[in-house]
Every structure is written in structure tokens, then in C-alpha cells.
$ cat my_file.cif   # mmCIF, C-alpha atoms
data_protein
#
loop_
_atom_site.label_atom_id
_atom_site.label_comp_id
_atom_site.auth_asym_id
_atom_site.auth_seq_id
_atom_site.Cartn_x
_atom_site.Cartn_y
_atom_site.Cartn_z
CA MET P 17 27.68 -40.56 -66.18
CA PRO P 18 25.64 -38.05 -64.17
CA THR P 19 22.58 -36.53 -65.83
CA HIS P 20 22.71 -32.78 -66.38
CA VAL P 21 19.77 -30.48 -65.73
CA ASN P 22 20.00 -27.10 -67.45
CA GLY P 23 19.43 -23.87 -65.59
CA LYS P 24 21.10 -20.84 -64.03
CA ASP P 25 24.78 -21.39 -63.36
CA LYS P 26 25.42 -21.51 -59.61
CA GLY P 27 28.74 -23.32 -59.89
CA GLN P 28 29.09 -27.05 -59.68
CA VAL P 29 26.08 -28.66 -58.03
CA MET P 30 26.06 -32.44 -57.75
CA LEU P 31 23.20 -34.47 -56.29
CA TYR P 32 23.87 -38.08 -55.30
CA ALA P 33 20.52 -39.81 -55.03
CA LEU P 34 18.66 -43.13 -55.13
CA SER P 35 15.96 -43.69 -57.72
CA THR P 36 13.67 -45.22 -55.07
CA CYS P 37 14.17 -42.58 -52.35
CA GLN P 38 11.43 -40.03 -51.70
CA TRP P 39 13.73 -37.60 -49.86
CA CYS P 40 16.07 -37.69 -52.85
CA HIS P 41 13.10 -37.05 -55.10
CA LYS P 42 12.01 -34.05 -53.03
CA THR P 43 15.55 -32.65 -53.18
CA LYS P 44 15.68 -33.02 -56.97
CA VAL P 45 12.26 -31.36 -57.37
CA LEU P 46 13.40 -28.48 -55.15
CA LEU P 47 16.54 -27.93 -57.24
CA GLU P 48 14.45 -28.02 -60.42
CA SER P 49 12.01 -25.49 -58.97
CA LEU P 50 14.94 -23.17 -58.21
CA GLY P 51 15.83 -23.25 -61.90
CA ILE P 52 19.52 -23.86 -61.28
CA ALA P 53 21.85 -26.04 -63.31
CA PHE P 54 22.87 -29.26 -61.58
CA ASP P 55 23.93 -32.83 -62.18
CA TYR P 56 22.48 -35.89 -60.52
CA GLU P 57 23.40 -39.52 -60.26
CA TYR P 58 21.11 -42.37 -59.17
CA VAL P 59 23.70 -44.44 -57.36
CA ASP P 60 21.43 -47.48 -57.08
CA LEU P 61 21.34 -47.70 -60.87
CA LEU P 62 25.14 -47.86 -61.10
CA GLU P 63 26.94 -51.17 -60.91
CA GLY P 64 30.24 -52.51 -59.63
CA LYS P 65 33.20 -50.18 -59.91
CA GLU P 66 31.10 -47.18 -60.96
CA GLN P 67 28.95 -47.53 -57.86
CA ASP P 68 32.03 -47.95 -55.63
CA GLU P 69 33.56 -44.79 -57.07
CA ALA P 70 30.37 -42.82 -56.50
CA MET P 71 30.17 -44.10 -52.90
CA ALA P 72 33.80 -43.11 -52.29
CA LYS P 73 33.02 -39.57 -53.49
CA ILE P 74 29.94 -39.36 -51.24
CA GLU P 75 31.82 -40.68 -48.20
CA ARG P 76 34.37 -37.88 -48.51
CA TRP P 77 31.54 -35.50 -47.60
CA ASN P 78 29.26 -37.82 -45.72
CA PRO P 79 30.96 -40.75 -43.97
CA ALA P 80 27.57 -42.41 -43.33
CA GLY P 81 27.19 -42.71 -47.11
CA SER P 82 23.52 -41.73 -46.94
CA PHE P 83 21.20 -40.14 -49.49
CA PRO P 84 20.54 -37.57 -50.71
CA THR P 85 24.00 -36.00 -50.55
CA LEU P 86 24.13 -32.66 -52.32
CA VAL P 87 27.64 -31.35 -53.00
CA ILE P 88 27.81 -27.65 -53.79
CA GLY P 89 30.84 -26.14 -55.48
CA ASP P 90 33.06 -28.89 -54.09
CA THR P 91 33.15 -26.90 -50.85
CA ARG P 92 30.12 -27.99 -48.85
CA ALA P 93 27.56 -30.75 -48.69
CA ILE P 94 23.96 -30.83 -47.54
CA ILE P 95 22.96 -34.26 -46.31
CA GLY P 96 19.29 -35.21 -46.37
CA PHE P 97 16.36 -33.16 -47.62
CA ARG P 98 17.03 -29.92 -45.75
CA GLU P 99 14.88 -27.45 -47.57
CA SER P 100 15.85 -24.27 -45.75
CA GLU P 101 19.58 -25.02 -46.01
CA ILE P 102 19.26 -25.71 -49.72
CA LEU P 103 17.32 -22.48 -50.29
CA GLU P 104 19.87 -20.53 -48.28
CA ALA P 105 22.79 -22.08 -50.19
CA PHE P 106 21.37 -20.79 -53.47
CA GLY P 107 20.28 -17.43 -52.10
CA ALA P 108 16.63 -18.26 -52.71
CA MET E 28 15.07 -59.68 -68.35
CA ASN E 29 13.25 -56.42 -67.84
CA PRO E 30 11.62 -56.09 -64.45
CA ALA E 31 7.85 -56.15 -64.62
CA VAL E 32 6.19 -52.78 -64.35
CA ILE E 33 4.73 -52.17 -60.91
CA THR E 34 1.07 -51.33 -61.34
CA GLU E 35 -1.02 -48.91 -59.30
CA ALA E 36 -3.19 -51.86 -58.26
CA GLU E 37 -0.15 -53.65 -56.80
CA ILE E 38 0.86 -50.50 -54.94
CA ASP E 39 -2.66 -50.03 -53.58
CA ALA E 40 -2.78 -53.65 -52.42
CA ALA E 41 0.64 -53.40 -50.74
CA TYR E 42 -0.37 -50.08 -49.15
CA ALA E 43 -3.47 -51.66 -47.64
CA ALA E 44 -1.39 -54.58 -46.36
CA TYR E 45 1.26 -52.32 -44.78
CA LYS E 46 -1.41 -50.15 -43.18
CA THR E 47 -3.35 -53.06 -41.72
CA ASP E 48 -0.21 -54.75 -40.50
CA ALA E 49 1.15 -51.55 -38.94
CA GLU E 50 -2.04 -50.75 -37.08
CA LYS E 51 -2.51 -54.30 -35.90
CA ASN E 52 0.97 -54.18 -34.35
CA GLY E 53 0.76 -50.75 -32.75
CA TYR E 54 2.51 -48.77 -35.47
CA ARG E 55 1.31 -45.89 -37.66
CA LEU E 56 2.05 -45.14 -41.29
CA ASN E 57 2.91 -41.65 -42.48
CA PRO E 58 -0.41 -39.81 -43.06
CA ASP E 59 0.84 -38.51 -46.44
CA GLU E 60 -0.66 -41.23 -48.60
CA ASP E 61 1.05 -40.22 -51.85
CA PHE E 62 4.41 -40.15 -50.11
CA VAL E 63 3.81 -43.59 -48.60
CA LYS E 64 2.69 -45.03 -51.93
CA ASN E 65 5.90 -43.77 -53.53
CA LEU E 66 7.89 -45.43 -50.75
CA ILE E 67 5.97 -48.63 -51.35
CA ARG E 68 6.73 -48.39 -55.07
CA GLY E 69 10.41 -48.24 -54.07
CA LEU E 70 10.01 -51.21 -51.72
CA LEU E 71 8.33 -53.28 -54.44
CA LYS E 72 11.01 -52.23 -56.91
CA ASN E 73 13.72 -53.34 -54.50
CA GLY E 74 11.81 -56.59 -54.01
CA GLN E 75 12.01 -57.18 -57.76
CA ARG E 76 15.61 -56.11 -58.04
CA TYR E 77 17.14 -57.80 -55.04
CA GLY E 78 14.57 -60.37 -53.96
CA TYR E 79 13.92 -58.55 -50.67
CA ARG E 80 12.30 -55.27 -49.78
CA ALA E 81 15.28 -53.17 -48.78
CA CYS E 82 14.66 -49.65 -47.47
CA PRO E 83 14.05 -47.41 -50.51
CA CYS E 84 16.13 -44.61 -48.96
CA ARG E 85 19.26 -46.72 -48.48
CA LEU E 86 21.64 -48.28 -50.96
CA ALA E 87 21.28 -52.06 -50.88
CA SER E 88 24.27 -54.22 -51.74
CA GLY E 89 22.19 -56.88 -53.46
CA ILE E 90 23.61 -59.46 -51.02
CA LYS E 91 20.80 -60.34 -48.66
CA ASP E 92 23.00 -61.33 -45.77
CA GLN E 93 24.63 -57.88 -45.81
CA ASP E 94 21.32 -56.07 -46.10
CA LEU E 95 19.17 -57.85 -43.51
CA ASP E 96 19.34 -54.83 -41.22
CA ILE E 97 17.71 -52.61 -43.86
CA VAL E 98 14.98 -55.00 -44.97
CA CYS E 99 11.74 -53.19 -44.14
CA PRO E 100 10.90 -52.94 -41.26
CA CYS E 101 14.56 -52.22 -40.63
CA ASP E 102 16.50 -52.89 -37.43
CA TYR E 103 16.63 -49.14 -36.81
CA ARG E 104 12.91 -48.37 -37.07
CA ASP E 105 12.00 -48.46 -33.40
CA SER E 106 15.01 -46.43 -32.26
CA ASP E 107 14.33 -43.78 -34.90
CA LEU E 108 10.63 -43.69 -34.05
CA GLU E 109 11.56 -43.18 -30.41
CA GLU E 110 14.15 -40.48 -31.03
CA HIS E 111 12.86 -38.72 -34.16
CA GLY E 112 9.20 -39.66 -34.39
CA ALA E 113 9.66 -41.41 -37.73
CA CYS E 114 11.71 -44.20 -39.22
CA TYR E 115 14.55 -43.31 -41.58
CA CYS E 116 12.47 -43.21 -44.77
CA ALA E 117 9.40 -41.94 -42.84
CA LEU E 118 7.11 -44.82 -43.77
CA TYR E 119 6.41 -45.36 -40.06
CA VAL E 120 5.71 -42.37 -37.82
CA ASN E 121 4.67 -41.72 -34.24
CA GLU E 122 1.21 -40.67 -33.12
CA ALA E 123 2.00 -36.94 -33.16
CA ILE E 124 3.05 -37.06 -36.82
CA ALA E 125 0.27 -39.48 -37.77
CA SER E 126 -2.29 -37.05 -36.38
CA GLY E 127 -0.67 -34.03 -38.06
CA LYS E 128 0.50 -32.34 -34.83
CA GLN E 129 4.16 -32.65 -35.76
CA THR E 130 6.03 -32.87 -39.07
CA VAL E 131 8.83 -35.14 -40.24
CA ALA E 132 12.34 -33.70 -40.18
CA PRO E 133 15.46 -35.24 -41.78
CA ILE E 134 16.71 -38.17 -39.74
CA PRO E 135 20.43 -38.88 -39.39
CA GLU E 136 21.53 -42.30 -40.61
CA ARG E 137 21.82 -44.72 -37.70
CA ARG E 138 23.11 -47.62 -39.78
CA PRO E 139 26.87 -48.02 -39.39
CA PRO E 140 28.90 -46.84 -42.41
CA ARG E 141 30.04 -49.39 -45.01
CA SER E 142 33.56 -49.63 -43.57
CA GLU E 143 32.23 -50.68 -40.14
CA ARG E 144 29.57 -53.01 -41.46
CA MET E 145 32.18 -55.07 -43.23
CA LYS E 146 33.84 -55.81 -39.90
CA ALA E 147 30.65 -56.81 -38.09
CA GLY E 148 30.19 -60.53 -37.79
CA SER E 149 26.82 -62.12 -38.19
CA ILE E 150 25.36 -64.50 -35.66
CA ARG E 151 22.96 -66.97 -37.13
CA VAL E 152 23.44 -70.35 -35.53
CA ALA E 153 23.52 -71.20 -31.85
CA SER E 154 26.63 -72.78 -30.46
CA THR E 155 25.60 -75.81 -28.47
CA THR E 156 28.81 -75.87 -26.46
CA GLU E 157 28.79 -72.29 -25.19
CA ARG E 158 26.12 -71.90 -22.51
CA PRO E 159 27.34 -69.32 -20.04
CA VAL E 160 24.35 -68.97 -17.72
CA PHE E 161 21.18 -70.39 -19.16
CA PRO E 162 20.48 -73.92 -20.24
CA LEU E 163 19.29 -72.59 -23.61
CA PRO E 164 20.53 -69.81 -25.88
CA VAL E 165 18.46 -66.63 -25.79
CA TRP E 166 17.49 -65.18 -29.17
CA ARG E 167 16.61 -61.57 -29.85
CA CYS E 168 14.52 -60.32 -32.76
CA LYS E 169 16.49 -57.39 -34.19
CA VAL E 170 13.31 -55.79 -35.51
CA CYS E 171 11.15 -55.67 -32.36
CA GLY E 172 13.36 -56.91 -29.51
CA TYR E 173 11.33 -60.02 -28.73
CA LEU E 174 13.37 -62.50 -26.68
CA CYS E 175 13.00 -66.24 -26.40
CA ALA E 176 15.09 -69.05 -24.97
CA ARG E 177 15.23 -72.12 -27.19
CA GLU E 178 17.69 -74.15 -29.24
CA GLN E 179 17.04 -72.21 -32.44
CA PRO E 180 15.30 -68.91 -33.15
CA PRO E 181 11.65 -69.21 -34.22
CA GLY E 182 10.93 -69.40 -37.94
CA ILE E 183 8.85 -66.26 -37.69
CA CYS E 184 8.84 -63.74 -34.85
CA PRO E 185 5.52 -64.21 -33.05
CA ILE E 186 5.37 -60.49 -32.30
CA CYS E 187 6.42 -58.66 -35.46
CA LYS E 188 6.51 -61.55 -37.98
CA ALA E 189 10.14 -60.94 -38.95
CA THR E 190 11.78 -64.06 -40.37
CA LYS E 191 14.30 -66.31 -38.58
CA GLU E 192 17.31 -64.65 -40.16
CA ARG E 193 16.49 -61.37 -38.35
CA PHE E 194 17.27 -62.98 -34.97
CA GLU E 195 20.60 -62.71 -33.20
CA ARG E 196 21.99 -64.69 -30.31
CA PHE E 197 21.48 -62.50 -27.24
CA VAL E 198 22.86 -64.68 -24.46
#
$ encode --input "my_file.cif" --output "C-alpha cells"
Amino acid sequence: MPTHVNGKDKGQVMLYALSTCQWCHKTKVLLESLGIAFDYEYVDLLEGKEQDEAMAKIERWNPAGSFPTLVIGDTRAIIGFRESEILEAFGA
Amino acid sequence: MNPAVITEAEIDAAYAAYKTDAEKNGYRLNPDEDFVKNLIRGLLKNGQRYGYRACPCRLASGIKDQDLDIVCPCDYRDSDLEEHGACYCALYVNEAIASGKQTVAPIPERRPPRSERMKAGSIRVASTTERPVFPLPVWRCKVCGYLCAREQPPGICPICKATKERFERFV
């Protein structure tokens, strides 16, 4: 189950990350600093079928299956720690 | 069994080892020491989890044979350094970034996607019957490109110290 972070509602914001990845960490810190509500999942901490399902969801947006993959409103994805794109997506 | 906690002393020791090793071999670590230490924490954590230090910014399968290409230093490091000035996780950087003249930007993933990796065969053992041109098979280190002609790949790459399993049959 993804972990929820409370904040301003900007629609569905889902961060797929790795617990060991510094670029994922930077992305999560940026989202927290924006004060928006989002969910995140550390895919490396999932096992078996749960991990496969998470990867399948990521690959729909990002065929390389890389991290971080940030899915916004089920309409767009930002792949990698792209600070200016993330800020722009949330009107910050 | 709970994995042992990785201490700051272990991270500092590993950091010193990575730095010395990099500089001895003509590479540079990212000048952001905190960032590098966090990457090293991830590498040590992966070492505990999987038994090998898989790239902290990539999802390891837990099956070493499938993850050899992302064991640090990964097979993609030199190409990414050449093209983007940093390796994928940005542990290793070029001189411009190391000296603060340039910054690290997100690097696209060069590793083939899961679906393609599953198809790729692995070459580990020389065929003694197939010798197209040379009297000996030629082996290539997938980390640094070192080539040698001998019956079997060396146990450890004399250039970059990668282990035998990181070699592929080249000719």
C-alpha cells in the first residue's frame, strides 16, 4: 500500500521511488516542501506480485521502468528529478 | 533476520575507499559529499540485501546474474560519463562537474527495459570449438572495455578490478 502524505489537494499525485535512490529522495523532499498531498511507494521494498504490479504501472508511463516516476492526475508523468517541471506542474 | 544497521563509520570508510579507488583509476566522485555518502549508504544497503552492491537508483532483481550490469560501477558508467558528465546515479562525474563548473542534470536510463533484458543471453564461458579468426577467444570487460585474448577471462580485470563475471566474449 502506498504511503499518503497530507497536504493541499492537487488531484492524484503518485510517486514511484526507491528507498535507496537519492534522486527519488530529492523528488519526495520537493513535493513535501510544496505542501501538496501525494502518495509514494518504495518499489524496492515490495516483493513478488506487488512489485510486479507496481512495475507494470510505472512502465505504462515510463517504458524504461526507471525511478523516480511521478504520475500526476493519471494524465502525465515526470521521469527523473526534474525540479522545474515539477514546480511548473503544481503551479509553484 | 534484520539487516544490521549501517553505521556512519562504515559509510565514511566506504566513502574513503571509493574516493581513493576512483582517483587512482582516473575517475572523479561527485563533489557533493553528503549526496555521495547517501548513495554509498544505498550501495551498502543493497550489498546487505542482495549480496552485491547494485546501483542505488535502479531496481535490482535480487538475482545476481540478472543484475551484473548494474553492480557498481555499472556497465553504463563510462558511456553516461561521456555523454552526460555523470553516471546514472551521479556517484561518478566528469572533471567539469567535479570542479563545480557544471551541474548534474537528470540522466536518461541507458539500461534496456525489463522486457528486453529477459531476452538477452549471457555469455560467460568460452566455446573451445568456435574460433573464427584468432587462436584464442577475446574477452571484453563490460565495465572498462579492457580486452584480452586467452582461454578464460581473468579473475579480476587488471584495469578496473571488476570480477570475472563482468567479462563477455568479444571475438
$ resolve_selection --input "my_file.cif" --expression "the PyMOL selection byres ((chain E and resi 176) around 10)" --output "PyMOL selection string"
chain E and resi 161-167+174-175+177-181+196-198
$ residues_near_point --input "my_file.cif" --point "(13.3, -50.8, -36.6)" --cutoff "12 Å" --atoms "only C-alpha atoms" --output "PDB file with C-alpha atoms, in the frame of the given file"
ATOM      1  CA  TYR E  54       2.510 -48.770 -35.470  1.00  0.00           C
ATOM      2  CA  CYS E  82      14.660 -49.650 -47.470  1.00  0.00           C
ATOM      3  CA  LEU E  95      19.170 -57.850 -43.510  1.00  0.00           C
ATOM      4  CA  ASP E  96      19.340 -54.830 -41.220  1.00  0.00           C
ATOM      5  CA  ILE E  97      17.710 -52.610 -43.860  1.00  0.00           C
ATOM      6  CA  VAL E  98      14.980 -55.000 -44.970  1.00  0.00           C
ATOM      7  CA  CYS E  99      11.740 -53.190 -44.140  1.00  0.00           C
ATOM      8  CA  PRO E 100      10.900 -52.940 -41.260  1.00  0.00           C
ATOM      9  CA  CYS E 101      14.560 -52.220 -40.630  1.00  0.00           C
ATOM     10  CA  ASP E 102      16.500 -52.890 -37.430  1.00  0.00           C
ATOM     11  CA  TYR E 103      16.630 -49.140 -36.810  1.00  0.00           C
ATOM     12  CA  ARG E 104      12.910 -48.370 -37.070  1.00  0.00           C
ATOM     13  CA  ASP E 105      12.000 -48.460 -33.400  1.00  0.00           C
ATOM     14  CA  SER E 106      15.010 -46.430 -32.260  1.00  0.00           C
ATOM     15  CA  ASP E 107      14.330 -43.780 -34.900  1.00  0.00           C
ATOM     16  CA  LEU E 108      10.630 -43.690 -34.050  1.00  0.00           C
ATOM     17  CA  GLU E 109      11.560 -43.180 -30.410  1.00  0.00           C
ATOM     18  CA  GLU E 110      14.150 -40.480 -31.030  1.00  0.00           C
ATOM     19  CA  ALA E 113       9.660 -41.410 -37.730  1.00  0.00           C
ATOM     20  CA  CYS E 114      11.710 -44.200 -39.220  1.00  0.00           C
ATOM     21  CA  TYR E 115      14.550 -43.310 -41.580  1.00  0.00           C
ATOM     22  CA  CYS E 116      12.470 -43.210 -44.770  1.00  0.00           C
ATOM     23  CA  ALA E 117       9.400 -41.940 -42.840  1.00  0.00           C
ATOM     24  CA  LEU E 118       7.110 -44.820 -43.770  1.00  0.00           C
ATOM     25  CA  TYR E 119       6.410 -45.360 -40.060  1.00  0.00           C
ATOM     26  CA  VAL E 120       5.710 -42.370 -37.820  1.00  0.00           C
ATOM     27  CA  ARG E 137      21.820 -44.720 -37.700  1.00  0.00           C
ATOM     28  CA  ARG E 138      23.110 -47.620 -39.780  1.00  0.00           C
ATOM     29  CA  CYS E 168      14.520 -60.320 -32.760  1.00  0.00           C
ATOM     30  CA  LYS E 169      16.490 -57.390 -34.190  1.00  0.00           C
ATOM     31  CA  VAL E 170      13.310 -55.790 -35.510  1.00  0.00           C
ATOM     32  CA  CYS E 171      11.150 -55.670 -32.360  1.00  0.00           C
ATOM     33  CA  GLY E 172      13.360 -56.910 -29.510  1.00  0.00           C
ATOM     34  CA  CYS E 187       6.420 -58.660 -35.460  1.00  0.00           C
ATOM     35  CA  ALA E 189      10.140 -60.940 -38.950  1.00  0.00           C
ATOM     36  CA  ARG E 193      16.490 -61.370 -38.350  1.00  0.00           C
TER      37      ARG E 193
END
$ resolve_selection --input "my_file.cif" --expression "the PyMOL selection byres ((chain E) within 7 of (chain P))" --output "JSON, numbers by chain"
{"E": [65, 66, 69, 83, 84, 85, 86, 133, 136, 139, 140]}
$ atom_distance --input "my_file.cif" --atom1 "atom CA of E:Leu56" --atom2 "atom CA of E:Ala125"
6.9 Å
$ closest_residue --input "my_file.cif" --among "E:Arg55, E:Lys64, E:Arg144, E:Lys128" --to "E:Ile38" --atoms "all atoms listed in the file"
E:Lys64
$ residues_around --input "my_file.cif" --residues "E:Leu71" --least-positions-apart "6" --cutoff "9 Å" --atoms "only C-alpha atoms" --output "ChimeraX atom specification"
/E:33,37-38,41,79-81
$ atom_distance --input "my_file.cif" --atom1 "atom CA of E:Thr130" --atom2 "atom CA of E:Gly112"
8.8 Å
$ resolve_selection --input "my_file.cif" --expression "the PyMOL selection byres ((chain P and resi 48-53) around 6)" --output "ChimeraX atom specification"
/P:21-25,45-47,54
$ write_last_selection --input "my_file.cif" --atoms "C-alpha atoms" --output "PDB file, in the coordinates of the input"
ATOM      1  CA  VAL P  21      19.770 -30.480 -65.730  1.00  0.00           C
ATOM      2  CA  ASN P  22      20.000 -27.100 -67.450  1.00  0.00           C
ATOM      3  CA  GLY P  23      19.430 -23.870 -65.590  1.00  0.00           C
ATOM      4  CA  LYS P  24      21.100 -20.840 -64.030  1.00  0.00           C
ATOM      5  CA  ASP P  25      24.780 -21.390 -63.360  1.00  0.00           C
ATOM      6  CA  VAL P  45      12.260 -31.360 -57.370  1.00  0.00           C
ATOM      7  CA  LEU P  46      13.400 -28.480 -55.150  1.00  0.00           C
ATOM      8  CA  LEU P  47      16.540 -27.930 -57.240  1.00  0.00           C
ATOM      9  CA  PHE P  54      22.870 -29.260 -61.580  1.00  0.00           C
TER      10      PHE P  54
END
$ atom_distance --input "my_file.cif" --atom1 "atom CA of E:Tyr45" --atom2 "atom CA of P:Tyr32"
28.7 Å
$ axis_aligned_box --input "my_file.cif" --around "stretch 71-85 of chain P" --padding-each-side "4 Å" --output "lines of an AutoDock Vina configuration file"
center_x = 27.5
center_y = -39.8
center_z = -48.4
size_x = 21.8
size_y = 16.6
size_z = 18.2
$ build_atoms --input "my_file.cif" --residues "stretch 66-79 of chain E" --atoms "N, CA, C and O atoms" --output "short mmCIF file (atom, residue, chain, number, x, y, z; two decimals), in the frame of the given file"
data_model
loop_
_atom_site.label_atom_id
_atom_site.label_comp_id
_atom_site.auth_asym_id
_atom_site.auth_seq_id
_atom_site.Cartn_x
_atom_site.Cartn_y
_atom_site.Cartn_z
N LEU E 66 6.95 -44.58 -51.49
CA LEU E 66 7.89 -45.43 -50.75
C LEU E 66 7.61 -46.90 -51.04
O LEU E 66 8.52 -47.70 -51.23
N ILE E 67 6.34 -47.24 -51.09
CA ILE E 67 5.97 -48.63 -51.35
C ILE E 67 6.37 -49.03 -52.77
O ILE E 67 6.86 -50.14 -52.99
N ARG E 68 6.24 -48.11 -53.71
CA ARG E 68 6.73 -48.39 -55.07
C ARG E 68 8.22 -48.74 -55.02
O ARG E 68 8.67 -49.70 -55.65
N GLY E 69 8.97 -47.97 -54.22
CA GLY E 69 10.41 -48.24 -54.07
C GLY E 69 10.67 -49.59 -53.41
O GLY E 69 11.55 -50.33 -53.82
N LEU E 70 9.86 -49.91 -52.40
CA LEU E 70 10.01 -51.21 -51.72
C LEU E 70 9.73 -52.36 -52.69
O LEU E 70 10.46 -53.36 -52.71
N LEU E 71 8.67 -52.21 -53.48
CA LEU E 71 8.33 -53.28 -54.44
C LEU E 71 9.41 -53.39 -55.51
O LEU E 71 9.77 -54.49 -55.94
N LYS E 72 9.94 -52.24 -55.91
CA LYS E 72 11.01 -52.23 -56.91
C LYS E 72 12.25 -52.95 -56.37
O LYS E 72 12.86 -53.76 -57.06
N ASN E 73 12.58 -52.65 -55.11
CA ASN E 73 13.72 -53.34 -54.50
C ASN E 73 13.44 -54.84 -54.35
O ASN E 73 14.35 -55.65 -54.49
N GLY E 74 12.18 -55.17 -54.08
CA GLY E 74 11.81 -56.59 -54.01
C GLY E 74 12.06 -57.29 -55.34
O GLY E 74 12.58 -58.41 -55.36
N GLN E 75 11.75 -56.62 -56.41
CA GLN E 75 12.01 -57.18 -57.76
C GLN E 75 13.50 -57.27 -58.04
O GLN E 75 13.99 -58.27 -58.55
N ARG E 76 14.19 -56.19 -57.71
CA ARG E 76 15.61 -56.11 -58.04
C ARG E 76 16.47 -57.07 -57.25
O ARG E 76 17.39 -57.68 -57.77
N TYR E 77 16.23 -57.08 -55.94
CA TYR E 77 17.14 -57.80 -55.04
C TYR E 77 16.55 -59.08 -54.47
O TYR E 77 17.27 -59.90 -53.91
N GLY E 78 15.22 -59.20 -54.55
CA GLY E 78 14.57 -60.37 -53.96
C GLY E 78 14.17 -60.12 -52.51
O GLY E 78 13.70 -61.03 -51.84
N TYR E 79 14.36 -58.92 -52.02
CA TYR E 79 13.92 -58.55 -50.67
C TYR E 79 13.65 -57.05 -50.67
O TYR E 79 14.24 -56.30 -51.44
#
